[in-house]
file data-v7.csv (CSV, C-alpha atoms and all ligand atoms)
chain,number,residue,atom,x,y,z
A,1,MET,CA,18.6,2.3,-1.9
A,2,PRO,CA,21.4,4.8,-2.6
A,3,ALA,CA,24.8,3.3,-3.1
A,4,GLU,CA,26.9,4.3,-0.1
A,5,PRO,CA,29.9,1.9,0.1
A,6,GLU,CA,31.9,4.5,2.1
A,7,GLU,CA,29.3,4.5,4.9
A,8,ILE,CA,29.6,0.7,5.1
A,9,ILE,CA,33.4,0.7,5.0
A,10,ASP,CA,33.4,3.4,7.8
A,11,GLY,CA,31.3,1.1,9.9
A,12,LEU,CA,33.6,-1.8,9.3
A,13,LEU,CA,36.7,0.2,10.3
A,14,LEU,CA,35.3,1.1,13.7
A,15,PRO,CA,36.9,-0.6,16.7
A,16,GLU,CA,33.5,-2.4,17.2
A,17,LYS,CA,32.6,-3.2,13.6
A,18,MET,CA,29.0,-2.7,12.4
A,19,ILE,CA,26.7,-2.9,9.4
A,20,SER,CA,23.4,-1.0,9.4
A,21,PRO,CA,20.3,-3.3,9.6
A,22,LYS,CA,18.8,-1.4,6.7
A,23,TYR,CA,21.1,-3.5,4.4
A,24,PHE,CA,19.2,-6.7,5.4
A,25,TYR,CA,16.3,-5.9,3.1
A,26,ASP,CA,17.3,-6.7,-0.5
A,27,GLU,CA,14.9,-9.1,-2.3
A,28,ARG,CA,16.3,-12.2,-0.7
A,29,GLY,CA,16.5,-10.5,2.7
A,30,SER,CA,12.9,-9.4,2.5
A,31,GLN,CA,11.9,-13.0,1.6
A,32,LEU,CA,13.9,-14.4,4.5
A,33,PHE,CA,12.3,-11.8,6.9
A,34,ASP,CA,8.9,-12.9,5.6
A,35,GLN,CA,9.8,-16.5,6.6
A,36,ILE,CA,11.0,-15.3,10.0
A,37,THR,CA,7.5,-13.8,10.7
A,38,ARG,CA,6.0,-17.3,10.2
A,39,LEU,CA,8.5,-19.1,12.5
A,40,PRO,CA,7.0,-20.7,15.6
A,41,GLU,CA,9.7,-19.1,17.8
A,42,TYR,CA,9.2,-15.6,16.3
A,43,TYR,CA,6.3,-14.3,18.5
A,44,PRO,CA,6.2,-10.6,17.5
A,45,THR,CA,4.3,-10.7,14.2
A,46,GLU,CA,1.6,-13.1,15.2
A,47,THR,CA,1.2,-11.5,18.6
A,48,ALA,CA,0.9,-8.0,17.0
A,49,LEU,CA,-1.6,-9.1,14.5
A,50,GLY,CA,-3.7,-10.8,17.2
A,51,ILE,CA,-3.7,-7.6,19.3
A,52,MET,CA,-4.9,-5.7,16.3
A,53,GLN,CA,-7.6,-8.2,15.5
A,54,ASP,CA,-8.8,-8.4,19.1
A,55,ASN,CA,-9.1,-4.7,19.5
A,56,LEU,CA,-10.0,-3.6,16.0
A,57,ASP,CA,-13.3,-1.9,17.0
A,58,ALA,CA,-11.6,0.2,19.7
A,59,ILE,CA,-8.7,1.1,17.4
A,60,VAL,CA,-11.0,2.1,14.5
A,61,ALA,CA,-13.2,4.1,16.9
A,62,ILE,CA,-10.3,6.0,18.4
A,63,ILE,CA,-8.8,6.8,15.0
A,64,GLY,CA,-12.2,8.1,13.7
A,65,GLU,CA,-13.4,9.0,10.2
A,66,HIS,CA,-11.5,10.7,7.4
A,67,ALA,CA,-8.0,10.1,8.8
A,68,SER,CA,-4.9,10.0,6.7
A,69,LEU,CA,-2.9,6.9,7.5
A,70,ILE,CA,0.9,7.6,7.2
A,71,GLU,CA,2.9,4.4,7.3
A,72,PHE,CA,6.6,4.6,8.2
A,73,GLY,CA,8.4,1.8,6.3
A,74,SER,CA,7.1,-0.3,3.5
A,75,GLY,CA,3.4,-1.1,3.5
A,76,SER,CA,2.5,-4.4,2.1
A,77,SER,CA,2.0,-6.4,5.3
A,78,SER,CA,-1.1,-7.9,6.8
A,79,LYS,CA,-0.9,-5.3,9.6
A,80,THR,CA,-1.6,-2.6,7.0
A,81,ARG,CA,-4.5,-4.4,5.3
A,82,ILE,CA,-6.3,-4.9,8.5
A,83,LEU,CA,-6.5,-1.1,9.0
A,84,LEU,CA,-7.3,-0.4,5.3
A,85,GLU,CA,-10.1,-2.9,5.4
A,86,ASN,CA,-11.7,-1.5,8.6
A,87,LEU,CA,-11.0,2.3,8.9
A,88,ASP,CA,-14.0,4.5,8.0
A,89,GLN,CA,-13.7,6.6,5.0
A,90,LEU,CA,-10.0,6.9,5.0
A,91,ALA,CA,-8.9,10.3,3.5
A,92,ALA,CA,-5.6,8.8,2.2
A,93,TYR,CA,-3.0,6.1,2.7
A,94,VAL,CA,0.5,7.4,2.6
A,95,PRO,CA,3.2,4.7,2.7
A,96,VAL,CA,6.7,6.2,3.2
A,97,ASP,CA,9.8,4.3,2.2
A,98,ILE,CA,13.4,5.0,1.1
A,99,SER,CA,13.4,2.2,-1.5
A,100,ALA,CA,11.4,3.5,-4.4
A,101,ASP,CA,11.0,0.3,-6.4
A,102,HIS,CA,9.6,-1.7,-3.6
A,103,LEU,CA,7.4,1.2,-2.4
A,104,LEU,CA,5.8,1.9,-5.8
A,105,GLU,CA,5.2,-1.8,-6.5
A,106,SER,CA,3.5,-2.4,-3.2
A,107,SER,CA,1.4,0.9,-3.4
A,108,ASN,CA,0.2,-0.1,-6.9
A,109,ARG,CA,-0.9,-3.4,-5.4
A,110,ILE,CA,-2.7,-1.7,-2.5
A,111,GLN,CA,-4.3,0.8,-4.8
A,112,LEU,CA,-5.8,-2.0,-6.9
A,113,GLU,CA,-7.0,-3.8,-3.8
A,114,PHE,CA,-8.5,-0.6,-2.3
A,115,PRO,CA,-9.8,1.5,-5.2
A,116,GLY,CA,-11.8,3.7,-2.8
A,117,VAL,CA,-8.7,4.9,-0.9
A,118,GLU,CA,-6.3,7.5,-2.3
A,119,VAL,CA,-2.9,6.0,-2.1
A,120,LEU,CA,-0.1,8.6,-2.1
A,121,PRO,CA,3.4,6.9,-1.8
A,122,VAL,CA,6.3,9.1,-0.6
A,123,VAL,CA,9.9,8.2,-1.3
A,124,ALA,CA,11.8,9.5,1.7
A,125,ASP,CA,14.2,8.6,4.5
A,126,PHE,CA,11.6,8.8,7.4
A,127,THR,CA,14.3,9.4,10.0
A,128,GLN,CA,14.3,13.0,8.9
A,129,ALA,CA,11.3,15.3,8.5
A,130,PHE,CA,9.7,15.1,5.0
A,131,GLU,CA,6.9,16.8,3.1
A,132,LEU,CA,3.5,15.2,3.2
A,133,PRO,CA,1.4,15.1,0.0
A,134,ASN,CA,-2.0,16.8,-0.2
A,135,PRO,CA,-4.9,14.3,-0.5
A,136,LYS,CA,-7.9,15.3,-2.6
A,137,PHE,CA,-10.0,15.2,0.5
A,138,MET,CA,-8.7,17.1,3.5
A,139,PRO,CA,-8.0,14.6,6.3
A,140,LEU,CA,-9.5,15.3,9.7
A,141,ARG,CA,-6.3,14.0,11.3
A,142,ASN,CA,-3.0,12.3,10.5
A,143,ILE,CA,-2.3,8.9,12.0
A,144,VAL,CA,1.3,7.8,11.8
A,145,TYR,CA,1.5,4.0,11.7
A,146,PHE,CA,4.7,2.1,12.7
A,147,PRO,CA,3.5,-1.4,13.4
A,148,GLY,CA,6.3,-4.0,13.4
A,149,SER,CA,8.4,-2.9,16.4
A,150,THR,CA,10.9,-1.5,14.0
A,151,ILE,CA,11.5,1.2,16.6
A,152,GLY,CA,13.5,-1.5,18.4
A,153,ASN,CA,16.3,-1.2,15.7
A,154,PHE,CA,17.0,2.3,16.9
A,155,THR,CA,19.2,3.2,19.9
A,156,HIS,CA,17.4,5.3,22.5
A,157,ASP,CA,18.7,8.6,21.2
A,158,ALA,CA,17.8,7.7,17.6
A,159,ALA,CA,14.4,6.4,18.7
A,160,HIS,CA,13.7,9.6,20.5
A,161,HIS,CA,14.6,11.6,17.4
A,162,LEU,CA,12.4,9.4,15.2
A,163,LEU,CA,9.5,9.9,17.6
A,164,SER,CA,10.0,13.7,17.3
A,165,VAL,CA,9.8,13.4,13.5
A,166,MET,CA,6.6,11.4,13.9
A,167,TYR,CA,5.2,14.0,16.2
A,168,GLN,CA,5.9,16.7,13.6
A,169,GLU,CA,4.4,14.6,10.8
A,170,ALA,CA,1.3,13.8,12.8
A,171,GLY,CA,0.5,17.5,13.0
A,172,GLU,CA,-2.3,19.1,15.0
A,173,ASN,CA,-4.8,16.5,16.4
A,174,GLY,CA,-2.5,13.8,15.0
A,175,ALA,CA,-1.6,10.5,16.6
A,176,LEU,CA,0.9,7.6,16.4
A,177,LEU,CA,-0.2,4.0,16.4
A,178,ILE,CA,3.0,2.0,17.1
A,179,GLY,CA,4.0,-1.6,17.8
A,180,VAL,CA,6.4,-2.0,20.7
A,181,ASP,CA,8.0,-5.3,21.7
A,182,LEU,CA,8.2,-5.7,25.5
A,183,GLN,CA,10.8,-6.9,27.9
A,184,LYS,CA,10.2,-10.5,29.0
A,185,ASP,CA,11.8,-13.8,30.0
A,186,ALA,CA,15.2,-13.7,28.2
A,187,ALA,CA,14.8,-17.3,27.0
A,188,ILE,CA,11.7,-16.4,24.9
A,189,ILE,CA,13.5,-13.5,23.3
A,190,ASP,CA,16.7,-15.5,22.6
A,191,ARG,CA,14.7,-18.3,21.0
A,192,ALA,CA,12.9,-15.8,18.7
A,193,TYR,CA,16.3,-14.8,17.2
A,194,ASN,CA,17.9,-18.2,17.2
A,195,ASP,CA,15.3,-20.3,15.5
A,196,SER,CA,15.8,-24.0,15.1
A,197,ALA,CA,15.3,-23.9,11.3
A,198,GLY,CA,18.2,-21.5,11.0
A,199,VAL,CA,16.2,-18.9,9.0
A,200,THR,CA,17.4,-16.0,11.2
A,201,ALA,CA,21.0,-17.1,10.7
A,202,ALA,CA,20.4,-17.1,6.9
A,203,PHE,CA,18.8,-13.7,7.2
A,204,ASN,CA,21.8,-12.4,9.1
A,205,LEU,CA,24.4,-13.9,6.7
A,206,ASN,CA,22.5,-12.6,3.7
A,207,ILE,CA,23.5,-9.0,4.6
A,208,LEU,CA,27.1,-10.0,3.5
A,209,ARG,CA,25.8,-11.5,0.2
A,210,HIS,CA,23.9,-8.2,-0.4
A,211,LEU,CA,27.0,-6.1,0.2
A,212,ASN,CA,29.0,-8.3,-2.2
A,213,GLU,CA,26.4,-8.0,-4.9
A,214,VAL,CA,25.6,-4.3,-4.6
A,215,PHE,CA,28.8,-2.7,-3.3
A,216,GLY,CA,31.5,-5.1,-4.6
A,217,PHE,CA,32.7,-6.5,-1.3
A,218,ASP,CA,34.2,-10.0,-1.3
A,219,PHE,CA,32.9,-11.5,2.0
A,220,ASP,CA,33.1,-15.2,2.3
A,221,LEU,CA,29.8,-16.2,3.8
A,222,SER,CA,31.2,-19.5,5.0
A,223,ALA,CA,33.7,-17.7,7.2
A,224,PHE,CA,31.1,-16.1,9.5
A,225,THR,CA,28.5,-17.5,11.9
A,226,HIS,CA,25.3,-16.0,13.3
A,227,ASN,CA,25.2,-14.9,16.9
A,228,ALA,CA,22.2,-13.3,18.6
A,229,HIS,CA,21.8,-12.8,22.3
A,230,TYR,CA,19.5,-10.8,24.6
A,231,ASP,CA,21.3,-8.4,26.9
A,232,GLU,CA,19.1,-8.0,29.9
A,233,VAL,CA,20.8,-4.9,31.2
A,234,GLU,CA,20.4,-3.0,27.9
A,235,GLY,CA,17.1,-4.6,27.2
A,236,ARG,CA,18.0,-5.5,23.6
A,237,ILE,CA,18.9,-8.3,21.3
A,238,GLU,CA,22.4,-7.8,19.9
A,239,MET,CA,22.8,-9.7,16.6
A,240,HIS,CA,26.3,-10.3,15.2
A,241,LEU,CA,28.2,-12.1,12.5
A,242,VAL,CA,31.3,-13.7,14.1
A,243,SER,CA,34.4,-14.3,12.0
A,244,SER,CA,35.6,-17.9,12.2
A,245,CYS,CA,39.2,-17.1,11.1
A,246,ASP,CA,41.7,-14.2,10.6
A,247,GLN,CA,40.7,-12.7,7.2
A,248,ILE,CA,40.9,-9.7,5.0
A,249,VAL,CA,37.8,-8.4,3.2
A,250,THR,CA,38.2,-5.9,0.4
A,251,ALA,CA,35.9,-3.5,-1.4
A,252,GLY,CA,37.6,-1.5,-4.2
A,253,ASP,CA,40.8,-0.1,-2.6
A,254,ALA,CA,39.6,-0.6,1.0
A,255,GLU,CA,41.0,-3.5,3.0
A,256,ILE,CA,39.3,-4.6,6.2
A,257,LEU,CA,41.1,-6.9,8.6
A,258,ILE,CA,38.9,-9.1,10.7
A,259,GLY,CA,40.3,-11.3,13.4
A,260,ASP,CA,39.3,-14.8,14.4
A,261,GLY,CA,36.3,-14.5,16.7
A,262,GLU,CA,35.8,-10.9,16.0
A,263,ALA,CA,32.1,-9.8,15.7
A,264,ILE,CA,30.3,-7.4,13.3
A,265,LEU,CA,27.2,-5.9,14.9
A,266,THR,CA,24.3,-6.1,12.4
A,267,GLU,CA,21.3,-5.3,14.5
A,268,TYR,CA,19.9,-4.2,17.8
A,269,SER,CA,16.3,-5.1,18.6
A,270,HIS,CA,15.4,-3.1,21.7
A,271,LYS,CA,12.6,-4.4,24.0
A,272,TYR,CA,10.8,-1.9,26.2
A,273,THR,CA,9.0,-1.8,29.5
A,274,LEU,CA,5.6,0.0,29.3
A,275,HIS,CA,7.0,2.7,31.6
A,276,GLY,CA,10.3,3.1,29.6
A,277,PHE,CA,8.5,3.5,26.3
A,278,ALA,CA,6.0,6.0,27.8
A,279,GLU,CA,8.8,8.1,29.1
A,280,MET,CA,10.5,8.2,25.8
A,281,ALA,CA,7.3,9.0,23.9
A,282,SER,CA,6.4,11.8,26.3
A,283,SER,CA,9.8,13.4,26.0
A,284,ALA,CA,9.1,13.6,22.3
A,285,GLY,CA,5.7,15.3,23.0
A,286,PHE,CA,3.4,12.3,22.9
A,287,GLU,CA,0.9,11.3,25.5
A,288,ILE,CA,0.0,7.6,25.6
A,289,VAL,CA,-3.7,7.3,25.3
A,290,LYS,CA,-4.1,3.6,25.1
A,291,VAL,CA,-1.9,0.5,25.4
A,292,TRP,CA,-3.2,-2.9,24.0
A,293,THR,CA,-1.2,-6.1,24.8
A,294,ASP,CA,-1.7,-9.8,24.3
A,295,ALA,CA,-2.7,-12.0,27.3
A,296,ASP,CA,1.0,-12.8,28.1
A,297,ALA,CA,2.1,-9.2,27.6
A,298,LEU,CA,4.7,-10.2,25.0
A,299,PHE,CA,4.0,-7.3,22.7
A,300,SER,CA,2.1,-4.0,22.7
A,301,VAL,CA,0.3,-1.8,20.3
A,302,GLN,CA,0.1,1.8,21.6
A,303,LEU,CA,-1.8,4.9,20.6
A,304,CYS,CA,0.1,8.1,21.3
A,305,CYS,CA,-1.5,11.5,20.8
A,306,ARG,CA,0.1,14.9,20.6
A,307,GLY,CA,0.0,16.1,24.1
B,1,LIG,C1,11.9,-6.0,11.6
B,1,LIG,C2,13.3,-4.9,13.2
B,1,LIG,C3,11.2,-5.7,13.9
B,1,LIG,O1,13.9,-6.7,15.4
B,1,LIG,O2,12.6,-8.4,15.5
B,1,LIG,C4,13.8,-10.3,13.1
B,1,LIG,C5,14.0,-7.8,12.5
B,1,LIG,N1,15.8,-9.5,13.0
B,1,LIG,N2,14.8,-11.3,13.3
B,1,LIG,C6,13.1,-7.5,14.9
B,1,LIG,C7,14.5,-9.2,12.9
B,1,LIG,C8,15.9,-10.8,13.3
B,1,LIG,C9,12.8,-7.4,13.4
B,1,LIG,N3,12.3,-6.0,13.0
call {"tool": "encode", "arguments": {"input": "data-v7.csv", "output": "structure tokens"}}
result
Amino acid sequence: MPAEPEEIIDGLLLPEKMISPKYFYDERGSQLFDQITRLPEYYPTETALGIMQDNLDAIVAIIGEHASLIEFGSGSSSKTRILLENLDQLAAYVPVDISADHLLESSNRIQLEFPGVEVLPVVADFTQAFELPNPKFMPLRNIVYFPGSTIGNFTHDAAHHLLSVMYQEAGENGALLIGVDLQKDAAIIDRAYNDSAGVTAAFNLNILRHLNEVFGFDFDLSAFTHNAHYDEVEGRIEMHLVSSCDQIVTAGDAEILIGDGEAILTEYSHKYTLHGFAEMASSAGFEIVKVWTDADALFSVQLCCRG
């Protein structure tokens, strides 16, 4: 990850302080997120995987043979393996991630596991258009894969922009296979981000430890508490770190005053209605060809084609 303390300081000097959720994922943060995915309260991961398993034949048939699978974000999860194991004669697997170390390590592992698939990692910030590699075998179509409902981290404008980038990268005949978390009973969502074991709280606080370690901040982790709550009007989880006293945090020459009870926004996790997501996808050029959900309609996996 490029070192950008100025960007972080700018966010902390705003009237409504914020830190980008991309800073959650240092090594410890990735481990904690892994633990989150196994929590009984955190329904998205298990539900998404269940949807993929239950509809694997249909998903594989729609994607077809000789596709190139382009995964936005790091590709080491079980949601990637299930496709690599089942797609017919994949032309290539192209994981795209901004963090080179993590990307190259996990692509090496995937390459060893799937010697018959050409693995072509791309180090890039996928929120902007980037160049795709040329596989040895010409793919019949590109399938952009974005499984974890990471789209939820983006505001509606940014999500729309990201979908436009995906549209461009999908190319002629291309498609997008995307996980989208759905609006539902607020209590279920609140529980998923306020687990009883406190793993989400530790994940949230770890962002400060990460900033201390990499960018030289002096955050006192014991002076902040985790707060996550579902805003039904906005249709999103808003996750904050709340200061439990008046304090001054420094990084180099910068001084950041944080008041008692003041909150730093660390993450949005937007939940969509089927209609709301379809509208946004179509404004980026996509047509929704198929929507798969679980029996309780907690989560969706959607196939969007270039219209
Ligand atoms: C990885 C962005 C999909 O929004 O649910 C989990 C991150 N944050 N618990 C989500 C997260 C707190 C997760 N995403």
call {"tool": "residues_near_point", "arguments": {"input": "data-v7.csv", "point": "(33.5, -2.9, 10.8)", "cutoff": "9 Å", "atoms": "all atoms listed in the file", "output": "PDB file with C-alpha atoms, in the frame of the given file"}}
result
ATOM      1  CA  ILE A   8      29.600   0.700   5.100  1.00  0.00           C
ATOM      2  CA  ILE A   9      33.400   0.700   5.000  1.00  0.00           C
ATOM      3  CA  ASP A  10      33.400   3.400   7.800  1.00  0.00           C
ATOM      4  CA  GLY A  11      31.300   1.100   9.900  1.00  0.00           C
ATOM      5  CA  LEU A  12      33.600  -1.800   9.300  1.00  0.00           C
ATOM      6  CA  LEU A  13      36.700   0.200  10.300  1.00  0.00           C
ATOM      7  CA  LEU A  14      35.300   1.100  13.700  1.00  0.00           C
ATOM      8  CA  PRO A  15      36.900  -0.600  16.700  1.00  0.00           C
ATOM      9  CA  GLU A  16      33.500  -2.400  17.200  1.00  0.00           C
ATOM     10  CA  LYS A  17      32.600  -3.200  13.600  1.00  0.00           C
ATOM     11  CA  MET A  18      29.000  -2.700  12.400  1.00  0.00           C
ATOM     12  CA  ILE A  19      26.700  -2.900   9.400  1.00  0.00           C
ATOM     13  CA  ILE A 256      39.300  -4.600   6.200  1.00  0.00           C
ATOM     14  CA  LEU A 257      41.100  -6.900   8.600  1.00  0.00           C
ATOM     15  CA  ILE A 258      38.900  -9.100  10.700  1.00  0.00           C
ATOM     16  CA  ALA A 263      32.100  -9.800  15.700  1.00  0.00           C
ATOM     17  CA  ILE A 264      30.300  -7.400  13.300  1.00  0.00           C
ATOM     18  CA  LEU A 265      27.200  -5.900  14.900  1.00  0.00           C
TER      19      LEU A 265
END
call {"tool": "residues_near_ligand", "arguments": {"input": "data-v7.csv", "ligand": "ligand LIG 1 (chain B)", "cutoff": "7 Å", "atoms": "all atoms listed in the file", "output": "NGL selection string"}}
result
:A and (33 or 36 or 148-150 or 152-153 or 193 or 200 or 268-269)
call {"tool": "closest_residue", "arguments": {"input": "data-v7.csv", "among": "A:Ile207, A:Leu177, A:Val242, A:Val117", "to": "Asn227 in chain A", "atoms": "all atoms listed in the file"}}
result
A:Val242
call {"tool": "residues_around", "arguments": {"input": "data-v7.csv", "residues": "Lys184 in chain A", "least_positions_apart": "5", "cutoff": "10 Å", "atoms": "only C-alpha atoms", "output": "ChimeraX atom specification"}}
result
/A:189,232,235,271-273,296-299
call {"tool": "closest_residue", "arguments": {"input": "data-v7.csv", "among": "A:Gly259, A:Gly50, A:Gly73, A:Pro40", "to": "Trp292 in chain A", "atoms": "all atoms listed in the file"}}
result
A:Gly50
call {"tool": "atom_distance", "arguments": {"input": "data-v7.csv", "atom1": "CA of Ser243 in chain A", "atom2": "CA of Ala223 in chain A"}}
result
5.9 Å
call {"tool": "atom_distance", "arguments": {"input": "data-v7.csv", "atom1": "CA of His102 in chain A", "atom2": "CA of Leu32 in chain A"}}
result
15.7 Å
call {"tool": "decode", "arguments": {"input": "data-v7.csv", "residues": "range 2-14 of chain A", "atoms": "N, CA and C atoms", "output": "mmCIF file, in the first residue's frame"}}
result
data_model
loop_
_atom_site.group_PDB
_atom_site.id
_atom_site.type_symbol
_atom_site.label_atom_id
_atom_site.label_comp_id
_atom_site.auth_asym_id
_atom_site.auth_seq_id
_atom_site.Cartn_x
_atom_site.Cartn_y
_atom_site.Cartn_z
ATOM 1 N N PRO A 2 0.627 2.190 -0.898
ATOM 2 C CA PRO A 2 1.454 3.402 -0.921
ATOM 3 C C PRO A 2 1.272 4.187 0.377
ATOM 4 N N ALA A 3 2.377 4.787 0.870
ATOM 5 C CA ALA A 3 2.311 5.557 2.113
ATOM 6 C C ALA A 3 1.739 6.942 1.837
ATOM 7 N N GLU A 4 0.560 7.215 2.362
ATOM 8 C CA GLU A 4 -0.076 8.509 2.101
ATOM 9 C C GLU A 4 -0.595 9.131 3.384
ATOM 10 N N PRO A 5 0.331 9.503 4.324
ATOM 11 C CA PRO A 5 -0.152 10.059 5.584
ATOM 12 C C PRO A 5 -0.956 11.343 5.385
ATOM 13 N N GLU A 6 -0.644 12.129 4.332
ATOM 14 C CA GLU A 6 -1.373 13.396 4.111
ATOM 15 C C GLU A 6 -2.848 13.117 3.881
ATOM 16 N N GLU A 7 -3.131 12.095 3.077
ATOM 17 C CA GLU A 7 -4.525 11.746 2.787
ATOM 18 C C GLU A 7 -5.255 11.392 4.093
ATOM 19 N N ILE A 8 -4.576 10.681 4.975
ATOM 20 C CA ILE A 8 -5.200 10.284 6.239
ATOM 21 C C ILE A 8 -5.402 11.504 7.133
ATOM 22 N N ILE A 9 -4.365 12.362 7.201
ATOM 23 C CA ILE A 9 -4.474 13.571 8.033
ATOM 24 C C ILE A 9 -5.602 14.461 7.525
ATOM 25 N N ASP A 10 -5.703 14.618 6.192
ATOM 26 C CA ASP A 10 -6.799 15.415 5.615
ATOM 27 C C ASP A 10 -8.154 14.896 6.092
ATOM 28 N N GLY A 11 -8.317 13.581 6.084
ATOM 29 C CA GLY A 11 -9.588 12.985 6.512
ATOM 30 C C GLY A 11 -9.877 13.250 7.979
ATOM 31 N N LEU A 12 -8.803 13.355 8.778
ATOM 32 C CA LEU A 12 -8.978 13.558 10.220
ATOM 33 C C LEU A 12 -9.164 15.041 10.564
ATOM 34 N N LEU A 13 -8.915 15.921 9.588
ATOM 35 C CA LEU A 13 -9.124 17.349 9.825
ATOM 36 C C LEU A 13 -10.481 17.824 9.308
ATOM 37 N N LEU A 14 -11.232 16.929 8.693
ATOM 38 C CA LEU A 14 -12.578 17.291 8.225
ATOM 39 C C LEU A 14 -13.494 17.531 9.422
#
